[in-house]
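Peer 1: For reference, the file final-v6.pdb (PDB, C-alpha atoms) is included below:
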ATOM      1  CA  MET A   1       0.000   0.000   0.000  1.00  0.00           C
ATOM      2  CA  ARG A   2       2.795   2.376   0.883  1.00  0.00           C
ATOM      3  CA  ASN A   3       4.511   1.747  -2.483  1.00  0.00           C
ATOM      4  CA  LEU A   4       1.240   2.446  -4.292  1.00  0.00           C
ATOM      5  CA  LEU A   5       0.868   5.760  -2.453  1.00  0.00           C
ATOM      6  CA  ILE A   6       4.443   6.780  -3.323  1.00  0.00           C
ATOM      7  CA  ALA A   7       3.906   5.798  -6.974  1.00  0.00           C
ATOM      8  CA  LEU A   8       0.722   7.892  -7.142  1.00  0.00           C
ATOM      9  CA  ILE A   9       2.456  10.914  -5.620  1.00  0.00           C
ATOM     10  CA  VAL A  10       5.383  10.615  -8.040  1.00  0.00           C
ATOM     11  CA  ALA A  11       3.007  10.195 -10.997  1.00  0.00           C
ATOM     12  CA  PHE A  12       0.919  13.191  -9.940  1.00  0.00           C
ATOM     13  CA  VAL A  13       3.906  15.475  -9.416  1.00  0.00           C
ATOM     14  CA  GLY A  14       5.678  14.235 -12.554  1.00  0.00           C
ATOM     15  CA  CYS A  15       2.613  14.813 -14.740  1.00  0.00           C
ATOM     16  CA  SER A  16       2.027  18.369 -13.675  1.00  0.00           C
ATOM     17  CA  THR A  17       1.283  20.561 -16.702  1.00  0.00           C
ATOM     18  CA  SER A  18       2.027  23.906 -15.135  1.00  0.00           C
ATOM     19  CA  ALA A  19       4.929  25.700 -16.784  1.00  0.00           C
ATOM     20  CA  PRO A  20       7.386  27.725 -14.737  1.00  0.00           C
ATOM     21  CA  GLN A  21       6.168  31.261 -14.245  1.00  0.00           C
ATOM     22  CA  MET A  22       8.115  34.078 -15.858  1.00  0.00           C
ATOM     23  CA  GLY A  23       7.766  37.759 -15.244  1.00  0.00           C
ATOM     24  CA  ALA A  24       5.677  39.919 -17.518  1.00  0.00           C
ATOM     25  CA  SER A  25       7.437  40.990 -20.676  1.00  0.00           C
ATOM     26  CA  THR A  26       8.059  44.601 -21.535  1.00  0.00           C
ATOM     27  CA  GLU A  27       8.956  46.449 -24.715  1.00  0.00           C
ATOM     28  CA  LEU A  28      12.702  46.911 -25.052  1.00  0.00           C
ATOM     29  CA  LYS A  29      14.343  49.566 -27.202  1.00  0.00           C
ATOM     30  CA  GLY A  30      18.033  50.221 -27.504  1.00  0.00           C
ATOM     31  CA  ASN A  31      21.109  50.525 -29.648  1.00  0.00           C
ATOM     32  CA  ILE A  32      24.572  49.107 -30.187  1.00  0.00           C
ATOM     33  CA  LYS A  33      27.628  51.320 -30.641  1.00  0.00           C
ATOM     34  CA  LYS A  34      31.348  50.905 -31.125  1.00  0.00           C
ATOM     35  CA  ALA A  35      33.613  53.945 -30.711  1.00  0.00           C
ATOM     36  CA  GLY A  36      30.500  56.137 -30.715  1.00  0.00           C
ATOM     37  CA  LYS A  37      29.297  54.822 -34.082  1.00  0.00           C
ATOM     38  CA  PRO A  38      26.263  52.566 -34.551  1.00  0.00           C
ATOM     39  CA  ILE A  39      26.694  48.879 -35.347  1.00  0.00           C
ATOM     40  CA  GLY A  40      23.821  47.699 -37.536  1.00  0.00           C
ATOM     41  CA  ASP A  41      22.706  44.879 -39.832  1.00  0.00           C
ATOM     42  CA  VAL A  42      23.504  42.297 -37.132  1.00  0.00           C
ATOM     43  CA  LEU A  43      21.537  40.050 -34.805  1.00  0.00           C
ATOM     44  CA  LEU A  44      21.713  40.696 -31.053  1.00  0.00           C
ATOM     45  CA  THR A  45      20.831  37.673 -28.931  1.00  0.00           C
ATOM     46  CA  LEU A  46      19.973  38.068 -25.250  1.00  0.00           C
ATOM     47  CA  GLN A  47      20.490  34.952 -23.103  1.00  0.00           C
ATOM     48  CA  PRO A  48      18.680  35.157 -19.734  1.00  0.00           C
ATOM     49  CA  MET A  49      20.653  34.702 -16.538  1.00  0.00           C
ATOM     50  CA  GLY A  50      17.399  34.106 -14.618  1.00  0.00           C
ATOM     51  CA  ASP A  51      13.772  34.493 -15.662  1.00  0.00           C
ATOM     52  CA  GLY A  52      13.011  34.966 -19.305  1.00  0.00           C
ATOM     53  CA  HIS A  53      13.830  33.239 -22.544  1.00  0.00           C
ATOM     54  CA  VAL A  54      16.384  33.638 -25.327  1.00  0.00           C
ATOM     55  CA  VAL A  55      15.547  36.776 -27.313  1.00  0.00           C
ATOM     56  CA  PRO A  56      16.946  37.347 -30.823  1.00  0.00           C
ATOM     57  CA  LEU A  57      16.731  41.008 -31.878  1.00  0.00           C
ATOM     58  CA  THR A  58      17.413  42.271 -35.387  1.00  0.00           C
ATOM     59  CA  VAL A  59      19.551  45.410 -35.258  1.00  0.00           C
ATOM     60  CA  ALA A  60      18.711  48.024 -37.912  1.00  0.00           C
ATOM     61  CA  VAL A  61      21.308  49.831 -40.035  1.00  0.00           C
ATOM     62  CA  ASP A  62      21.298  52.741 -37.554  1.00  0.00           C
ATOM     63  CA  GLY A  63      22.202  50.409 -34.666  1.00  0.00           C
ATOM     64  CA  THR A  64      18.738  50.400 -33.063  1.00  0.00           C
ATOM     65  CA  PHE A  65      16.718  47.376 -31.994  1.00  0.00           C
ATOM     66  CA  LYS A  66      13.402  46.704 -30.301  1.00  0.00           C
ATOM     67  CA  GLY A  67      11.435  43.724 -29.067  1.00  0.00           C
ATOM     68  CA  GLU A  68       9.614  42.097 -26.158  1.00  0.00           C
ATOM     69  CA  VAL A  69      11.665  40.790 -23.243  1.00  0.00           C
ATOM     70  CA  VAL A  70      11.243  39.858 -19.587  1.00  0.00           C
ATOM     71  CA  PRO A  71      13.161  42.373 -17.436  1.00  0.00           C
ATOM     72  CA  GLY A  72      16.281  40.947 -15.829  1.00  0.00           C
ATOM     73  CA  LYS A  73      19.947  40.169 -16.318  1.00  0.00           C
ATOM     74  CA  TYR A  74      21.111  38.860 -19.704  1.00  0.00           C
ATOM     75  CA  ALA A  75      24.351  37.737 -21.304  1.00  0.00           C
ATOM     76  CA  TYR A  76      24.509  38.759 -24.948  1.00  0.00           C
ATOM     77  CA  TYR A  77      26.213  37.983 -28.206  1.00  0.00           C
ATOM     78  CA  ILE A  78      26.268  39.374 -31.742  1.00  0.00           C
ATOM     79  CA  GLY A  79      25.806  37.372 -34.937  1.00  0.00           C
ATOM     80  CA  LYS A  80      24.852  37.705 -38.565  1.00  0.00           C
ATOM     81  CA  SER A  81      21.310  38.777 -39.361  1.00  0.00           C
ATOM     82  CA  ALA A  82      19.239  37.903 -42.426  1.00  0.00           C
ATOM     83  CA  SER A  83      20.294  41.195 -44.030  1.00  0.00           C
ATOM     84  CA  LYS A  84      22.458  40.952 -47.140  1.00  0.00           C
ATOM     85  CA  ALA A  85      24.746  43.596 -45.606  1.00  0.00           C
ATOM     86  CA  SER A  86      25.254  41.518 -42.454  1.00  0.00           C
ATOM     87  CA  GLU A  87      28.321  39.718 -43.787  1.00  0.00           C
ATOM     88  CA  GLN A  88      30.174  43.034 -44.028  1.00  0.00           C
ATOM     89  CA  ALA A  89      28.643  44.501 -40.839  1.00  0.00           C
ATOM     90  CA  ILE A  90      29.701  41.596 -38.614  1.00  0.00           C
ATOM     91  CA  LYS A  91      33.346  42.287 -39.522  1.00  0.00           C
ATOM     92  CA  GLN A  92      33.105  45.474 -37.410  1.00  0.00           C
ATOM     93  CA  VAL A  93      32.479  43.336 -34.318  1.00  0.00           C
ATOM     94  CA  ASP A  94      35.337  41.740 -32.381  1.00  0.00           C
ATOM     95  CA  ALA A  95      35.089  37.918 -32.443  1.00  0.00           C
ATOM     96  CA  LYS A  96      34.781  37.810 -28.624  1.00  0.00           C
ATOM     97  CA  TYR A  97      31.198  39.068 -29.058  1.00  0.00           C
ATOM     98  CA  TYR A  98      30.219  36.122 -31.292  1.00  0.00           C
ATOM     99  CA  GLU A  99      29.509  33.973 -28.215  1.00  0.00           C
ATOM    100  CA  GLY A 100      27.762  34.623 -24.932  1.00  0.00           C
ATOM    101  CA  ASN A 101      29.954  35.330 -21.925  1.00  0.00           C
ATOM    102  CA  MET A 102      28.654  35.099 -18.365  1.00  0.00           C
ATOM    103  CA  SER A 103      30.923  37.976 -17.321  1.00  0.00           C
ATOM    104  CA  ARG A 104      29.557  40.259 -20.062  1.00  0.00           C
ATOM    105  CA  THR A 105      25.978  41.030 -19.125  1.00  0.00           C
ATOM    106  CA  VAL A 106      23.359  43.753 -19.371  1.00  0.00           C
ATOM    107  CA  MET A 107      20.417  44.589 -17.143  1.00  0.00           C
ATOM    108  CA  VAL A 108      17.083  45.012 -18.905  1.00  0.00           C
ATOM    109  CA  GLU A 109      14.738  47.268 -16.960  1.00  0.00           C
ATOM    110  CA  SER A 110      11.145  48.096 -17.802  1.00  0.00           C
ATOM    111  CA  GLY A 111      10.807  51.548 -19.393  1.00  0.00           C
ATOM    112  CA  LYS A 112      14.570  52.057 -19.890  1.00  0.00           C
ATOM    113  CA  ASP A 113      16.430  51.953 -23.198  1.00  0.00           C
ATOM    114  CA  LEU A 114      19.354  49.551 -23.397  1.00  0.00           C
ATOM    115  CA  VAL A 115      22.650  50.865 -24.759  1.00  0.00           C
ATOM    116  CA  ILE A 116      25.340  48.297 -25.570  1.00  0.00           C
ATOM    117  CA  THR A 117      28.805  49.698 -26.187  1.00  0.00           C
ATOM    118  CA  LEU A 118      31.339  47.380 -27.764  1.00  0.00           C
ATOM    119  CA  ASP A 119      35.040  48.070 -27.198  1.00  0.00           C
TER
END
Rewrite the structure of this file - the entire thing - as structure tokens.
Peer 2:
Amino acid sequence: MRNLLIALIVAFVGCSTSAPQMGASTELKGNIKKAGKPIGDVLLTLQPMGDGHVVPLTVAVDGTFKGEVVPGKYAYYIGKSASKASEQAIKQVDAKYYEGNMSRTVMVESGKDLVITLD
């Protein structure tokens, strides 16, 4: 009887359909710059360090981006976008930004623009 009770508890808990709760998303606007000049025609990917989900953001020619994101701390990386000019644009970005780095993070806050400055 005890084994049956344990099996039922495990089955009930294991079959739960509730997804983990994330915070409410907010509209994010921002830009990417290097030496004061915009970096555009690339893809900015935000990798959450807590709540949230991976967010790919297309960066326009003028270096601006926008999208929906859950506020919080994110690692980020830069890659090629679908733009035909992306192949040339990505050459302006140091290769260290092609992969996420846990020590290189940004804080996304509701109602605040995000400015990413590459060195």
Peer 1: With the file shown as input, list the residues that the PyMOL selection byres ((chain A and resi 35) around 12) selects, as a list in words.
Peer 2: Ile32, Lys33, Lys34, Gly36, Lys37, Pro38, Ile39, Gln92, Val93, Ile116, Thr117, Leu118 and Asp119 of chain A
Peer 1: Hey, what's within 9 Å of Asp113 (chain A) if we count all atoms listed in the file and toss same-chain stuff fewer than 3 positions away? As an NGL selection string, please?
Peer 2: :A and (28-31 or 108-110)
Peer 1: Output the selection as a compact mmCIF listing (two decimals), in the frame of the given file - C-alpha atoms for each residue.
Peer 2:
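result-v3.txt was written with the following content:
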# COMPACT_ATOMS: atom_id res chain seq x y z
CA LEU A 28 12.70 46.91 -25.05
CA LYS A 29 14.34 49.57 -27.20
CA GLY A 30 18.03 50.22 -27.50
CA ASN A 31 21.11 50.52 -29.65
CA VAL A 108 17.08 45.01 -18.90
CA GLU A 109 14.74 47.27 -16.96
CA SER A 110 11.14 48.10 -17.80
Peer 1: Once the PyMOL selection byres ((chain A and resi 67-81) around 7) is applied to the coordinates I shared, what remains selected? I want it as JSON, numbers by chain.
Peer 2: {"A": [23, 24, 25, 26, 27, 28, 29, 41, 42, 43, 44, 45, 46, 47, 48, 49, 50, 51, 52, 55, 57, 58, 66, 82, 83, 86, 87, 90, 97, 98, 99, 100, 101, 102, 104, 105, 106, 107, 108, 109, 110]}
Peer 1: Return as lines of an AutoDock Vina configuration file the box centre and box size in Å, one decimal, for an axis-aligned box around all listed atoms of region 47-53 of chain A padded by 4 Å per side.
Peer 2:
center_x = 16.8
center_y = 34.2
center_z = -18.9
size_x = 15.6
size_y = 9.9
size_z = 16.5
Peer 1: Measure the distance from CA of Gly63 (chain A) to CA of Ala89 (chain A) in Å and round it to one decimal.
Peer 2: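 So the answer is 10.7 Å.
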Peer 1: Work out how far apart CA of Ala60 (chain A) and CA of Ser103 (chain A) are and give it in Å to one decimal.
Peer 2: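 Distance between the two atoms: 26.0 Å.
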Peer 1: Mind giving me the straight-line distance from CA of Val61 (chain A) to CA of Leu114 (chain A) in Å, one decimal?
Peer 2: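 According to the coordinates, CA of Val61 (chain A) and CA of Leu114 (chain A) are separated by 16.8 Å.
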Peer 1: Which is closest to Gly40 (chain A) among A:Lys96, A:Lys112, A:Lys84, A:His53, if we use all atoms listed in the file?
Peer 2: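 For Gly40 (chain A), the nearest of the given residues is A:Lys84.
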